[in-house]
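J.: Contents of work_4.tsv (TSV, C-alpha atoms):
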chain	number	residue	atom	x	y	z
A	1	MET	CA	111.75	175.47	86.29
A	2	VAL	CA	115.35	176.43	85.60
A	3	THR	CA	116.69	178.33	88.54
A	4	ARG	CA	120.11	179.13	87.13
A	5	GLU	CA	120.19	181.17	83.98
A	6	ALA	CA	122.55	180.42	81.16
A	7	PHE	CA	125.39	182.85	80.60
A	8	LEU	CA	123.83	184.45	77.54
A	9	THR	CA	120.49	184.88	79.25
A	10	ARG	CA	122.20	186.71	82.11
A	11	LEU	CA	123.86	188.95	79.56
A	12	PHE	CA	120.54	189.62	77.83
A	13	ASN	CA	118.81	190.36	81.11
A	14	SER	CA	121.49	192.76	82.27
A	15	GLN	CA	121.79	194.56	78.92
A	16	PHE	CA	118.41	194.34	77.22
A	17	ALA	CA	115.90	194.15	80.10
A	18	GLY	CA	114.26	197.39	78.95
A	19	PRO	CA	113.67	196.41	75.31
A	20	GLY	CA	112.46	192.98	76.46
A	21	ASN	CA	109.85	194.55	78.71
A	22	SER	CA	108.72	196.96	76.03
A	23	ILE	CA	108.32	194.11	73.51
A	24	LEU	CA	106.18	192.27	76.05
A	25	GLY	CA	104.29	195.49	76.71
A	26	MET	CA	103.38	195.76	73.01
A	27	PHE	CA	101.32	192.59	73.39
A	28	GLY	CA	99.81	193.74	76.67
A	29	LEU	CA	101.90	191.30	78.71
A	30	ARG	CA	104.07	191.81	81.72
A	31	ALA	CA	107.06	189.75	82.83
A	32	ASP	CA	106.82	188.03	86.21
A	33	ASP	CA	110.12	189.57	87.15
A	34	PRO	CA	110.74	192.89	85.35
A	35	GLN	CA	114.46	192.49	86.02
A	36	HIS	CA	114.54	189.23	84.05
A	37	PRO	CA	112.15	189.43	81.09
A	38	TRP	CA	114.28	187.15	78.88
A	39	ALA	CA	113.65	183.46	79.47
A	40	ASP	CA	116.36	180.94	78.67
A	41	PHE	CA	114.51	179.33	75.81
A	42	ILE	CA	113.87	182.62	73.99
A	43	VAL	CA	117.53	183.62	74.07
A	44	MET	CA	118.52	180.12	72.96
A	45	GLN	CA	116.04	180.29	70.10
A	46	LEU	CA	117.65	183.54	69.01
A	47	VAL	CA	121.01	181.76	69.15
A	48	VAL	CA	119.65	178.93	66.99
A	49	ALA	CA	118.24	181.42	64.50
A	50	LEU	CA	121.58	183.22	64.39
A	51	ILE	CA	123.44	179.93	63.87
A	52	MET	CA	121.08	179.02	61.02
A	53	VAL	CA	121.43	182.40	59.31
A	54	LEU	CA	125.22	182.37	59.59
A	55	LEU	CA	125.40	178.75	58.44
A	56	PHE	CA	123.33	179.41	55.35
A	57	LEU	CA	125.14	182.67	54.56
A	58	LEU	CA	128.36	180.69	54.66
A	59	LEU	CA	126.81	177.97	52.54
A	60	ARG	CA	125.41	180.49	50.07
A	61	SER	CA	128.78	182.16	49.58
A	62	ARG	CA	130.47	178.85	48.88
A	63	LEU	CA	127.93	177.29	46.52
A	64	SER	CA	129.62	175.92	43.44
A	65	VAL	CA	128.49	173.56	40.71
A	66	THR	CA	131.91	172.37	39.65
A	67	LYS	CA	133.62	172.07	43.02
A	68	PRO	CA	131.14	171.49	45.87
A	69	GLY	CA	132.65	171.79	49.34
A	70	ALA	CA	132.03	169.60	52.39
A	71	LEU	CA	129.27	171.85	53.76
A	72	GLN	CA	127.46	171.84	50.44
A	73	HIS	CA	127.69	168.05	50.30
A	74	VAL	CA	126.17	167.73	53.76
A	75	PHE	CA	123.27	170.01	52.96
A	76	GLU	CA	122.66	168.43	49.56
A	77	LEU	CA	122.47	165.12	51.39
A	78	ILE	CA	119.96	166.50	53.92
A	79	HIS	CA	117.92	168.14	51.17
A	80	GLY	CA	117.84	164.98	49.10
A	81	PHE	CA	116.88	162.89	52.11
A	82	VAL	CA	114.06	165.22	53.17
A	83	GLY	CA	112.78	165.43	49.61
A	84	GLU	CA	112.75	161.65	49.21
A	85	THR	CA	110.95	161.16	52.52
A	86	ALA	CA	108.42	163.82	51.50
A	87	ASP	CA	107.82	162.03	48.21
A	88	ASP	CA	107.24	158.76	50.05
A	89	GLN	CA	104.90	160.18	52.67
A	90	VAL	CA	102.98	163.01	51.03
A	91	GLY	CA	102.91	161.81	47.44
A	92	HIS	CA	103.81	163.50	44.20
A	93	GLU	CA	103.26	167.02	45.56
A	94	GLY	CA	105.47	166.46	48.58
A	95	ARG	CA	108.25	168.61	47.16
A	96	LYS	CA	105.98	171.66	47.37
A	97	HIS	CA	106.03	171.56	51.17
A	98	VAL	CA	109.69	170.68	51.52
A	99	VAL	CA	110.42	174.20	52.77
A	100	LEU	CA	108.44	173.63	55.95
A	101	PHE	CA	109.82	170.13	56.50
A	102	GLU	CA	113.42	171.07	56.09
A	103	THR	CA	113.11	174.22	58.19
A	104	LEU	CA	111.52	172.21	60.99
A	105	PHE	CA	114.16	169.48	60.69
A	106	ILE	CA	117.18	171.77	60.76
A	107	PHE	CA	115.74	174.05	63.43
A	108	ILE	CA	114.85	171.17	65.75
A	109	LEU	CA	118.15	169.44	65.09
A	110	ILE	CA	120.23	172.50	65.95
A	111	SER	CA	117.99	173.26	68.94
A	112	ASN	CA	118.40	169.75	70.31
A	113	LEU	CA	122.13	169.62	69.77
A	114	LEU	CA	122.62	173.03	71.38
A	115	GLY	CA	121.87	171.40	74.73
A	116	ILE	CA	125.13	169.42	74.50
A	117	VAL	CA	127.23	172.59	74.43
A	118	PRO	CA	128.19	173.80	77.92
A	119	GLN	CA	126.53	177.08	79.00
A	120	PHE	CA	123.77	176.61	76.43
A	121	MET	CA	120.49	174.77	76.70
A	122	SER	CA	118.09	173.29	74.18
A	123	PRO	CA	115.15	175.59	73.51
A	124	THR	CA	113.15	172.42	72.94
A	125	GLN	CA	113.56	171.63	76.63
A	126	ALA	CA	110.97	174.28	77.42
A	127	VAL	CA	107.51	173.04	76.55
A	128	TYR	CA	106.54	176.27	74.75
A	129	VAL	CA	108.92	175.80	71.82
A	130	PRO	CA	107.76	172.32	70.70
A	131	CYS	CA	104.20	173.49	71.35
A	132	GLY	CA	104.63	176.41	69.00
A	133	MET	CA	106.04	174.23	66.26
A	134	ALA	CA	103.32	171.61	66.76
A	135	ILE	CA	100.60	174.27	66.48
A	136	LEU	CA	102.28	175.53	63.31
A	137	ALA	CA	102.24	172.01	61.86
A	138	PHE	CA	98.59	171.57	62.89
A	139	LEU	CA	97.47	174.84	61.29
A	140	TYR	CA	99.55	174.14	58.19
A	141	TYR	CA	98.16	170.70	57.42
A	142	ASN	CA	94.59	171.84	58.00
A	143	TYR	CA	95.18	174.82	55.73
A	144	ILE	CA	96.67	172.58	53.05
A	145	GLY	CA	93.74	170.19	53.39
A	146	PHE	CA	91.21	172.98	52.95
A	147	LYS	CA	93.11	174.49	50.05
A	148	ARG	CA	93.71	171.22	48.26
A	149	GLN	CA	90.34	169.53	48.70
A	150	GLY	CA	87.97	172.41	49.31
A	151	ALA	CA	86.09	173.07	52.55
A	152	TRP	CA	83.28	170.62	51.89
A	153	LYS	CA	85.36	167.64	50.85
A	154	TYR	CA	87.87	168.15	53.64
A	155	THR	CA	85.19	168.45	56.29
A	156	LYS	CA	83.48	165.36	54.90
A	157	GLN	CA	86.57	163.35	55.81
A	158	PHE	CA	85.73	163.90	59.45
A	159	PHE	CA	82.41	162.11	59.11
A	160	GLY	CA	83.92	158.85	57.97
A	161	PRO	CA	82.95	156.76	54.96
A	162	ILE	CA	79.58	155.50	56.24
A	163	PRO	CA	76.84	158.14	56.88
A	164	VAL	CA	75.22	156.06	59.65
A	165	MET	CA	78.47	156.03	61.61
A	166	ALA	CA	78.97	159.79	61.32
A	167	PRO	CA	77.77	160.75	64.86
A	168	LEU	CA	80.27	158.27	66.25
A	169	MET	CA	83.09	159.14	63.89
A	170	LEU	CA	82.95	162.91	64.25
A	171	PRO	CA	83.99	163.15	67.93
A	172	ILE	CA	86.62	160.46	67.44
A	173	GLU	CA	88.11	162.24	64.44
A	174	ILE	CA	88.07	165.64	66.14
A	175	ILE	CA	89.75	164.30	69.25
A	176	SER	CA	92.34	162.39	67.26
A	177	HIS	CA	93.13	165.51	65.23
A	178	LEU	CA	93.44	167.64	68.35
A	179	ALA	CA	95.65	164.99	69.96
A	180	ARG	CA	98.18	165.36	67.15
A	181	PRO	CA	99.73	168.68	68.26
A	182	LEU	CA	99.64	167.41	71.84
A	183	SER	CA	101.56	164.25	71.01
A	184	LEU	CA	104.05	166.16	68.84
A	185	THR	CA	104.67	168.59	71.69
A	186	ILE	CA	105.02	166.04	74.45
A	187	ARG	CA	107.18	163.68	72.43
A	188	LEU	CA	109.80	166.29	71.59
A	189	PHE	CA	109.69	168.09	74.92
A	190	ALA	CA	109.74	165.00	77.12
A	191	ASN	CA	112.53	163.35	75.15
A	192	MET	CA	114.74	166.39	75.39
A	193	TYR	CA	113.92	167.09	79.02
A	194	ALA	CA	114.34	163.46	80.07
A	195	GLY	CA	117.66	163.16	78.23
A	196	GLU	CA	119.00	166.19	80.04
A	197	GLN	CA	117.70	165.01	83.39
A	198	VAL	CA	119.28	161.57	83.00
A	199	THR	CA	122.64	163.17	82.27
A	200	LEU	CA	122.19	165.45	85.29
A	201	VAL	CA	121.31	162.55	87.58
A	202	PHE	CA	124.43	160.64	86.55
A	203	LEU	CA	126.50	163.81	86.89
A	204	SER	CA	125.32	164.10	90.46
A	205	LEU	CA	126.50	160.52	91.06
A	206	THR	CA	129.87	160.64	89.38
A	207	TYR	CA	131.95	162.87	87.12
A	208	PHE	CA	133.78	159.91	85.62
A	209	ALA	CA	132.92	158.95	82.02
A	210	VAL	CA	129.39	157.66	82.71
A	211	PRO	CA	127.53	160.95	82.02
A	212	ALA	CA	129.34	161.22	78.68
A	213	VAL	CA	127.71	157.96	77.59
A	214	PHE	CA	124.30	159.43	78.22
A	215	MET	CA	125.25	162.61	76.40
A	216	GLY	CA	126.13	160.41	73.42
A	217	LEU	CA	122.73	158.82	73.70
A	218	HIS	CA	121.22	162.30	73.84
A	219	VAL	CA	122.87	163.16	70.51
A	220	PHE	CA	121.30	160.09	68.95
A	221	VAL	CA	117.90	160.93	70.46
A	222	SER	CA	118.21	164.52	69.19
A	223	LEU	CA	118.70	163.32	65.61
A	224	LEU	CA	115.87	160.81	65.91
A	225	GLN	CA	113.42	163.30	67.39
A	226	ALA	CA	114.14	165.90	64.71
A	227	TYR	CA	113.50	163.22	62.07
A	228	ILE	CA	110.35	162.02	63.81
A	229	PHE	CA	108.87	165.50	64.14
A	230	MET	CA	109.43	166.07	60.44
A	231	LEU	CA	108.06	162.64	59.59
A	232	MET	CA	104.87	163.08	61.60
A	233	THR	CA	104.26	166.48	59.99
A	234	MET	CA	104.68	164.83	56.59
A	235	MET	CA	102.25	162.08	57.48
A	236	TYR	CA	99.62	164.56	58.66
A	237	ILE	CA	99.97	166.55	55.45
A	238	GLY	CA	99.85	163.31	53.49
A	239	GLY	CA	96.59	162.45	55.26
A	240	ALA	CA	95.17	165.91	54.55
A	241	VAL	CA	95.91	165.90	50.81
A	242	SER	CA	95.13	162.27	50.04
A	243	GLU	CA	91.82	161.74	48.28
A	244	GLU	CA	90.44	158.52	49.61
A	245	HIS	CA	86.86	157.26	49.68
B	246	MET	CA	130.74	132.78	114.15
B	247	LYS	CA	127.05	132.31	114.57
B	248	SER	CA	126.71	135.07	117.12
B	249	GLN	CA	128.58	137.42	114.82
B	250	SER	CA	126.12	136.88	111.96
B	251	MET	CA	123.29	137.32	114.45
B	252	VAL	CA	124.70	140.68	115.50
B	253	ARG	CA	125.02	141.64	111.88
B	254	LYS	CA	121.41	140.71	111.22
B	255	MET	CA	120.23	142.71	114.19
B	256	PHE	CA	122.26	145.66	112.97
B	257	PHE	CA	120.70	145.56	109.52
B	258	MET	CA	117.22	145.16	110.95
B	259	MET	CA	117.75	148.15	113.15
B	260	PHE	CA	118.88	150.22	110.19
B	261	ALA	CA	115.93	149.06	108.12
B	262	MET	CA	113.56	150.03	110.90
B	263	MET	CA	115.20	153.40	111.19
B	264	PHE	CA	114.72	154.02	107.49
B	265	VAL	CA	111.04	153.15	107.78
B	266	ALA	CA	110.68	155.13	110.96
B	267	LEU	CA	112.25	158.36	109.70
B	268	PRO	CA	109.30	159.59	107.64
B	269	ILE	CA	106.94	158.62	110.45
B	270	PHE	CA	108.88	160.71	112.94
B	271	ALA	CA	109.15	163.53	110.44
B	272	GLN	CA	105.42	163.69	109.98
B	273	GLY	CA	104.79	165.50	113.19
B	274	THR	CA	101.70	165.39	115.33
B	275	GLY	CA	99.20	166.78	112.83
B	276	GLY	CA	96.60	164.21	111.81
B	277	SER	CA	96.24	165.30	108.19
B	278	ILE	CA	98.61	163.89	105.59
B	279	PRO	CA	100.25	166.58	103.42
B	280	GLU	CA	99.01	166.41	99.86
B	281	LYS	CA	102.41	166.06	98.26
B	282	LEU	CA	103.69	163.39	100.65
B	283	TYR	CA	102.90	160.41	98.46
B	284	SER	CA	103.37	162.01	95.05
B	285	PRO	CA	107.06	160.96	94.68
B	286	LEU	CA	106.03	157.42	95.55
B	287	ALA	CA	103.22	157.52	92.99
B	288	ALA	CA	105.60	159.02	90.43
B	289	GLY	CA	108.11	156.23	90.96
B	290	ILE	CA	105.55	153.46	90.73
B	291	GLY	CA	103.83	155.05	87.74
B	292	MET	CA	107.04	155.66	85.83
B	293	GLY	CA	108.25	152.14	86.62
B	294	LEU	CA	105.04	150.61	85.33
B	295	ALA	CA	105.01	152.81	82.24
B	296	SER	CA	108.60	152.16	81.24
B	297	GLY	CA	108.40	148.46	82.01
B	298	LEU	CA	105.31	147.95	79.87
B	299	CYS	CA	106.76	150.23	77.20
B	300	ALA	CA	109.86	148.02	77.17
B	301	LEU	CA	107.70	144.92	76.68
B	302	GLY	CA	105.92	146.55	73.75
B	303	GLN	CA	109.10	147.81	72.15
B	304	GLY	CA	110.76	144.42	72.62
B	305	LYS	CA	107.90	142.76	70.79
B	306	ALA	CA	108.11	145.32	68.00
B	307	VAL	CA	111.88	144.92	67.58
B	308	ALA	CA	111.59	141.14	67.68
B	309	GLY	CA	109.00	141.23	64.91
B	310	ALA	CA	111.04	143.64	62.83
B	311	ALA	CA	114.24	141.60	63.20
B	312	GLU	CA	112.41	138.45	62.19
B	313	GLY	CA	110.91	140.20	59.19
B	314	MET	CA	114.30	141.54	58.11
B	315	ALA	CA	115.87	138.09	58.45
B	316	ARG	CA	113.17	136.48	56.37
B	317	ASN	CA	113.09	139.14	53.70
B	318	PRO	CA	116.27	141.25	53.58
B	319	ALA	CA	115.00	143.08	50.51
B	320	ALA	CA	112.29	144.77	52.58
B	321	THR	CA	114.74	146.08	55.19
B	322	GLY	CA	114.12	149.74	54.37
B	323	ALA	CA	110.36	149.58	54.67
B	324	ILE	CA	110.54	147.46	57.82
B	325	ARG	CA	113.01	149.83	59.45
B	326	PHE	CA	110.72	152.75	58.69
B	327	ALA	CA	107.74	151.01	60.26
B	328	LEU	CA	109.89	149.95	63.20
B	329	ILE	CA	111.10	153.45	63.99
B	330	LEU	CA	107.61	154.87	63.64
B	331	GLY	CA	106.16	152.19	65.90
B	332	LEU	CA	108.91	152.53	68.48
B	333	VAL	CA	108.38	156.26	68.68
B	334	LEU	CA	104.63	155.91	69.06
B	335	ILE	CA	105.05	153.32	71.82
B	336	GLU	CA	107.68	155.40	73.53
B	337	SER	CA	105.48	158.49	73.52
B	338	LEU	CA	102.97	156.63	75.71
B	339	ALA	CA	105.62	156.24	78.40
B	340	LEU	CA	106.53	159.88	77.90
B	341	TYR	CA	102.94	160.92	78.62
B	342	THR	CA	103.42	159.41	82.06
B	343	PHE	CA	106.65	161.32	82.40
B	344	ALA	CA	104.89	164.55	81.39
B	345	ILE	CA	102.14	163.98	83.97
B	346	ILE	CA	104.76	163.35	86.65
B	347	PHE	CA	106.57	166.49	85.54
B	348	VAL	CA	103.40	168.54	85.84
B	349	LYS	CA	102.09	167.07	89.07
B	350	VAL	CA	105.17	166.49	91.26
Would you write the structure of this file as C-alpha cells?

T.:
Amino acid sequence: MVTREAFLTRLFNSQFAGPGNSILGMFGLRADDPQHPWADFIVMQLVVALIMVLLFLLLRSRLSVTKPGALQHVFELIHGFVGETADDQVGHEGRKHVVLFETLFIFILISNLLGIVPQFMSPTQAVYVPCGMAILAFLYYNYIGFKRQGAWKYTKQFFGPIPVMAPLMLPIEIISHLARPLSLTIRLFANMYAGEQVTLVFLSLTYFAVPAVFMGLHVFVSLLQAYIFMLMTMMYIGGAVSEEH
Amino acid sequence: MKSQSMVRKMFFMMFAMMFVALPIFAQGTGGSIPEKLYSPLAAGIGMGLASGLCALGQGKAVAGAAEGMARNPAATGAIRFALILGLVLIESLALYTFAIIFVKV
C-alpha cells in the first residue's frame, strides 16, 4: 500500500533487518521482502508505545498532591472523563474496566495524532492495528460476560427473551456480535485513511493553506474516533454485564 | 459576434468529443473489456451515492438534535451524546463503501 517508507522504518530496516526476520521466524512466518521485514505500522506502534512510556514516566516523577503540574491536570481530566463515561455506560462496576478503556483511548489518540507529524504515519492507518484492538475488545467483553453472568446465563442472552423466537434470534445475535469487531475496525481505519488521503489529494492540488485546513479537521476526527472506539467498547461491555430479562 | 460564439461552441464540442474519444482509442483492438476498466467509475458513483445519502441522514439527525436542544436546553448533554453516537453509526455506513472501494479498486 505505502510505497515510500517513513524515515524511522528505513532506519529499522537497515539496522535491525536480521532481528526482525528472526522474530518472524519464531512464529513460523517469513517476510515478503527479507530486506524489509519491518512494516511502517509496526515501527510506528513502537514509537507510540515509547511515547506513552516516556510520557507516563515523566508524569509519575512529577506527581504531587499539593502542587499538581499542567501534565497532571490534563491526565486527571482525562481519567475523570473516562471514569464518568464508564459509569454512565457500563454501570456501577464500570470503574473496574477503566484500565482497558483508558489504555485504548490514549493509545488510539496518540496513534491518530502521530499521522500529523511529518515523517511519521498513524499506525491506525494500516487495517491490522484497529483490527487487533477490535478483536481485543471483542474477546474482552465476551470474557467479562461469561465471568460476570456465568456460561449458561450469558449464552441464554443469544436466544432472545421468547423461546419460540430462538431459532430466528440466534443467527441474528451471532451475526450482530461478529459484526461488532468489523465495524470497530472499519470505522477507525477508514476514518484515518480517508483523512490522510483527503489531505494528500489537496496537497497534490495546491501547497497553499488549503491542506492545513484538512489537517485541522483530521485532528478533530482523531479525537472523535479515539472517543468513539472507547465508547463502543464500553457499550459492548455494558451490554455483556447487564442483567436484563 | 455571432460567428465568434459559433466558433467557440464548435471548439468546445470538439474538445468534449476528444475527451470521450480518448478512452475508446486507448482500448485497442481487443474485443474483451479489461476487468478493471470500469471500477474507478463504479467507485465514483458508489462513493457519491453513499456520501450523499449519508449526508441526508446526518442532516436529519442534526436537525432533530438541534430542535431537541432548543426545546429543552437542560437535556443538552444527553442529546449531544445520542447525536454523536448516531452520527458515527451513520457515517460508518458510508465508510463501508469506502472500505469496499479501497479493497476492490

J.: Considering all atoms listed in the file, state which residue in the set A:Val201, A:Leu188, A:Val241, A:Val210 is at the smallest distance from chain B.

T.: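 Distance minimum relative to chain B lands on A:Leu188.
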
J.: With chain A as the partner and 8 Å as the cut-off, tabulate the residues of chain B that qualify, each row holding the nearest pair of atoms and their distance in Å to one decimal, using all atoms listed in the file, sorted by chain and rising number, as CSV.

T.:
residue,atom,partner,partner_atom,distance
B:Leu330,CA,A:Ile228,CA,7.7
B:Val333,CA,A:Ile228,CA,7.8
B:Ser337,CA,A:Arg187,CA,5.6
B:Leu340,CA,A:Ala190,CA,6.1
B:Tyr341,CA,A:Ile186,CA,6.9
B:Phe343,CA,A:Ala190,CA,7.1
B:Ala344,CA,A:Ala190,CA,6.5

J.: Let me make sure I understand: among A:Phe229, A:Phe202, A:Tyr236, A:Phe146, which one has the smallest atom-to-atom distance to His177 (chain A) if we use only C-alpha atoms?

T.: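 Going through A:Phe229, A:Phe202, A:Tyr236, A:Phe146 one by one, the smallest distance to His177 (chain A) is for A:Tyr236.
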
J.: Hey, can you check how far CA of Leu104 (chain A) sits from CA of Gly28 (chain A)?

T.: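 Interatomic distance here is 29.1 Å.
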
J.: Produce the centre coordinates and the three edge lengths, each in Å to one decimal, of the box along x, y and z that contains all listed atoms of region 186-192 of chain A with 5 Å added on each side, as AutoDock Vina command-line options.

T.:
--center_x 109.9 --center_y 165.7 --center_z 74.4 --size_x 19.7 --size_y 14.7 --size_z 15.5

J.: Of the candidates A:Asn112, A:Gln72, A:Ser14, A:Ser61, which one gets nearest to Phe220 (chain A) if we count only C-alpha atoms?

T.: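 Nearest candidate to Phe220 (chain A) out of A:Asn112, A:Gln72, A:Ser14, A:Ser61: A:Asn112.
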
J.: When you look at region 24-27 of chain A with a cut-off of 12 Å (counting all atoms listed in the file), what residues show up, excluding the ones that are within fewer than 5 positions of it in the same chain? I need them as an MDAnalysis selection string.

T.: chainID A and resid 17:19 32 34 36:38

J.: Extract, using all atoms listed in the file, all DNA, RNA and protein residues at most 12 Å from Ala306 (chain B), discarding same-chain residues fewer than 6 positions from it, and format them as a PyMOL selection string.

T.: chain B and resi 299-300+312-313+324-325+327-336

J.: Residues near Ala288 (chain B), anyone? I mean within 10 Å using only C-alpha atoms, not counting same-chain ones fewer than 3 positions away, as an NGL selection string.

T.: :B and (283-285 or 291-294 or 342-343 or 345-347 or 349-350)

J.: Please, what distance in Å, to one decimal, runs between CA of Val43 (chain A) and CA of Leu55 (chain A)?

T.: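 For CA of Val43 (chain A) relative to CA of Leu55 (chain A), the distance reads 18.2 Å.
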
J.: Please report the interatomic distance between CA of Thr321 (chain B) and CA of Tyr227 (chain A) in Å with one decimal.

T.: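 Calculated distance between CA of Thr321 (chain B) and CA of Tyr227 (chain A) is 18.5 Å.
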
J.: Tell me which protein, DNA and RNA residues are within 12 Å of Met44 (chain A), counting all atoms listed in the file, leaving out same-chain ones fewer than 4 positions away, and put them as a PDB file with C-alpha atoms, in the coordinates of the input.

T.:
ATOM      1  CA  GLU A   5     120.190 181.170  83.980  1.00  0.00           C
ATOM      2  CA  ALA A   6     122.550 180.420  81.160  1.00  0.00           C
ATOM      3  CA  PHE A   7     125.390 182.850  80.600  1.00  0.00           C
ATOM      4  CA  LEU A   8     123.830 184.450  77.540  1.00  0.00           C
ATOM      5  CA  THR A   9     120.490 184.880  79.250  1.00  0.00           C
ATOM      6  CA  ARG A  10     122.200 186.710  82.110  1.00  0.00           C
ATOM      7  CA  PHE A  12     120.540 189.620  77.830  1.00  0.00           C
ATOM      8  CA  TRP A  38     114.280 187.150  78.880  1.00  0.00           C
ATOM      9  CA  ALA A  39     113.650 183.460  79.470  1.00  0.00           C
ATOM     10  CA  ASP A  40     116.360 180.940  78.670  1.00  0.00           C
ATOM     11  CA  VAL A  48     119.650 178.930  66.990  1.00  0.00           C
ATOM     12  CA  ALA A  49     118.240 181.420  64.500  1.00  0.00           C
ATOM     13  CA  LEU A  50     121.580 183.220  64.390  1.00  0.00           C
ATOM     14  CA  ILE A  51     123.440 179.930  63.870  1.00  0.00           C
ATOM     15  CA  PHE A 107     115.740 174.050  63.430  1.00  0.00           C
ATOM     16  CA  ILE A 110     120.230 172.500  65.950  1.00  0.00           C
ATOM     17  CA  SER A 111     117.990 173.260  68.940  1.00  0.00           C
ATOM     18  CA  ASN A 112     118.400 169.750  70.310  1.00  0.00           C
ATOM     19  CA  LEU A 113     122.130 169.620  69.770  1.00  0.00           C
ATOM     20  CA  LEU A 114     122.620 173.030  71.380  1.00  0.00           C
ATOM     21  CA  GLY A 115     121.870 171.400  74.730  1.00  0.00           C
ATOM     22  CA  VAL A 117     127.230 172.590  74.430  1.00  0.00           C
ATOM     23  CA  GLN A 119     126.530 177.080  79.000  1.00  0.00           C
ATOM     24  CA  PHE A 120     123.770 176.610  76.430  1.00  0.00           C
ATOM     25  CA  MET A 121     120.490 174.770  76.700  1.00  0.00           C
ATOM     26  CA  SER A 122     118.090 173.290  74.180  1.00  0.00           C
ATOM     27  CA  PRO A 123     115.150 175.590  73.510  1.00  0.00           C
ATOM     28  CA  THR A 124     113.150 172.420  72.940  1.00  0.00           C
ATOM     29  CA  GLN A 125     113.560 171.630  76.630  1.00  0.00           C
ATOM     30  CA  ALA A 126     110.970 174.280  77.420  1.00  0.00           C
ATOM     31  CA  VAL A 129     108.920 175.800  71.820  1.00  0.00           C
TER      32      VAL A 129
END

J.: Restricting the calculation to all atoms listed in the file: of A:Val53, A:Ala226, A:Leu63, A:Leu205, which residue gets closest to Pro130 (chain A)?

T.: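 Of the candidates, the smallest distance to Pro130 (chain A) is held by A:Ala226.
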
J.: So, with all atoms listed in the file as the atoms that count, which of A:Gly132, A:Ser22, A:Ala137, A:Thr185 lies closest to His97 (chain A)?

T.: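 Checking each of A:Gly132, A:Ser22, A:Ala137, A:Thr185 against His97 (chain A), counting all atoms listed in the file, the winner is A:Ala137.
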
J.: Pick from A:Ser64, A:Thr155, A:Thr233, A:Gln45: nearest to Tyr141 (chain A), with only C-alpha atoms counted?

T.: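 Under the stated criterion, the closest residue is A:Thr233.
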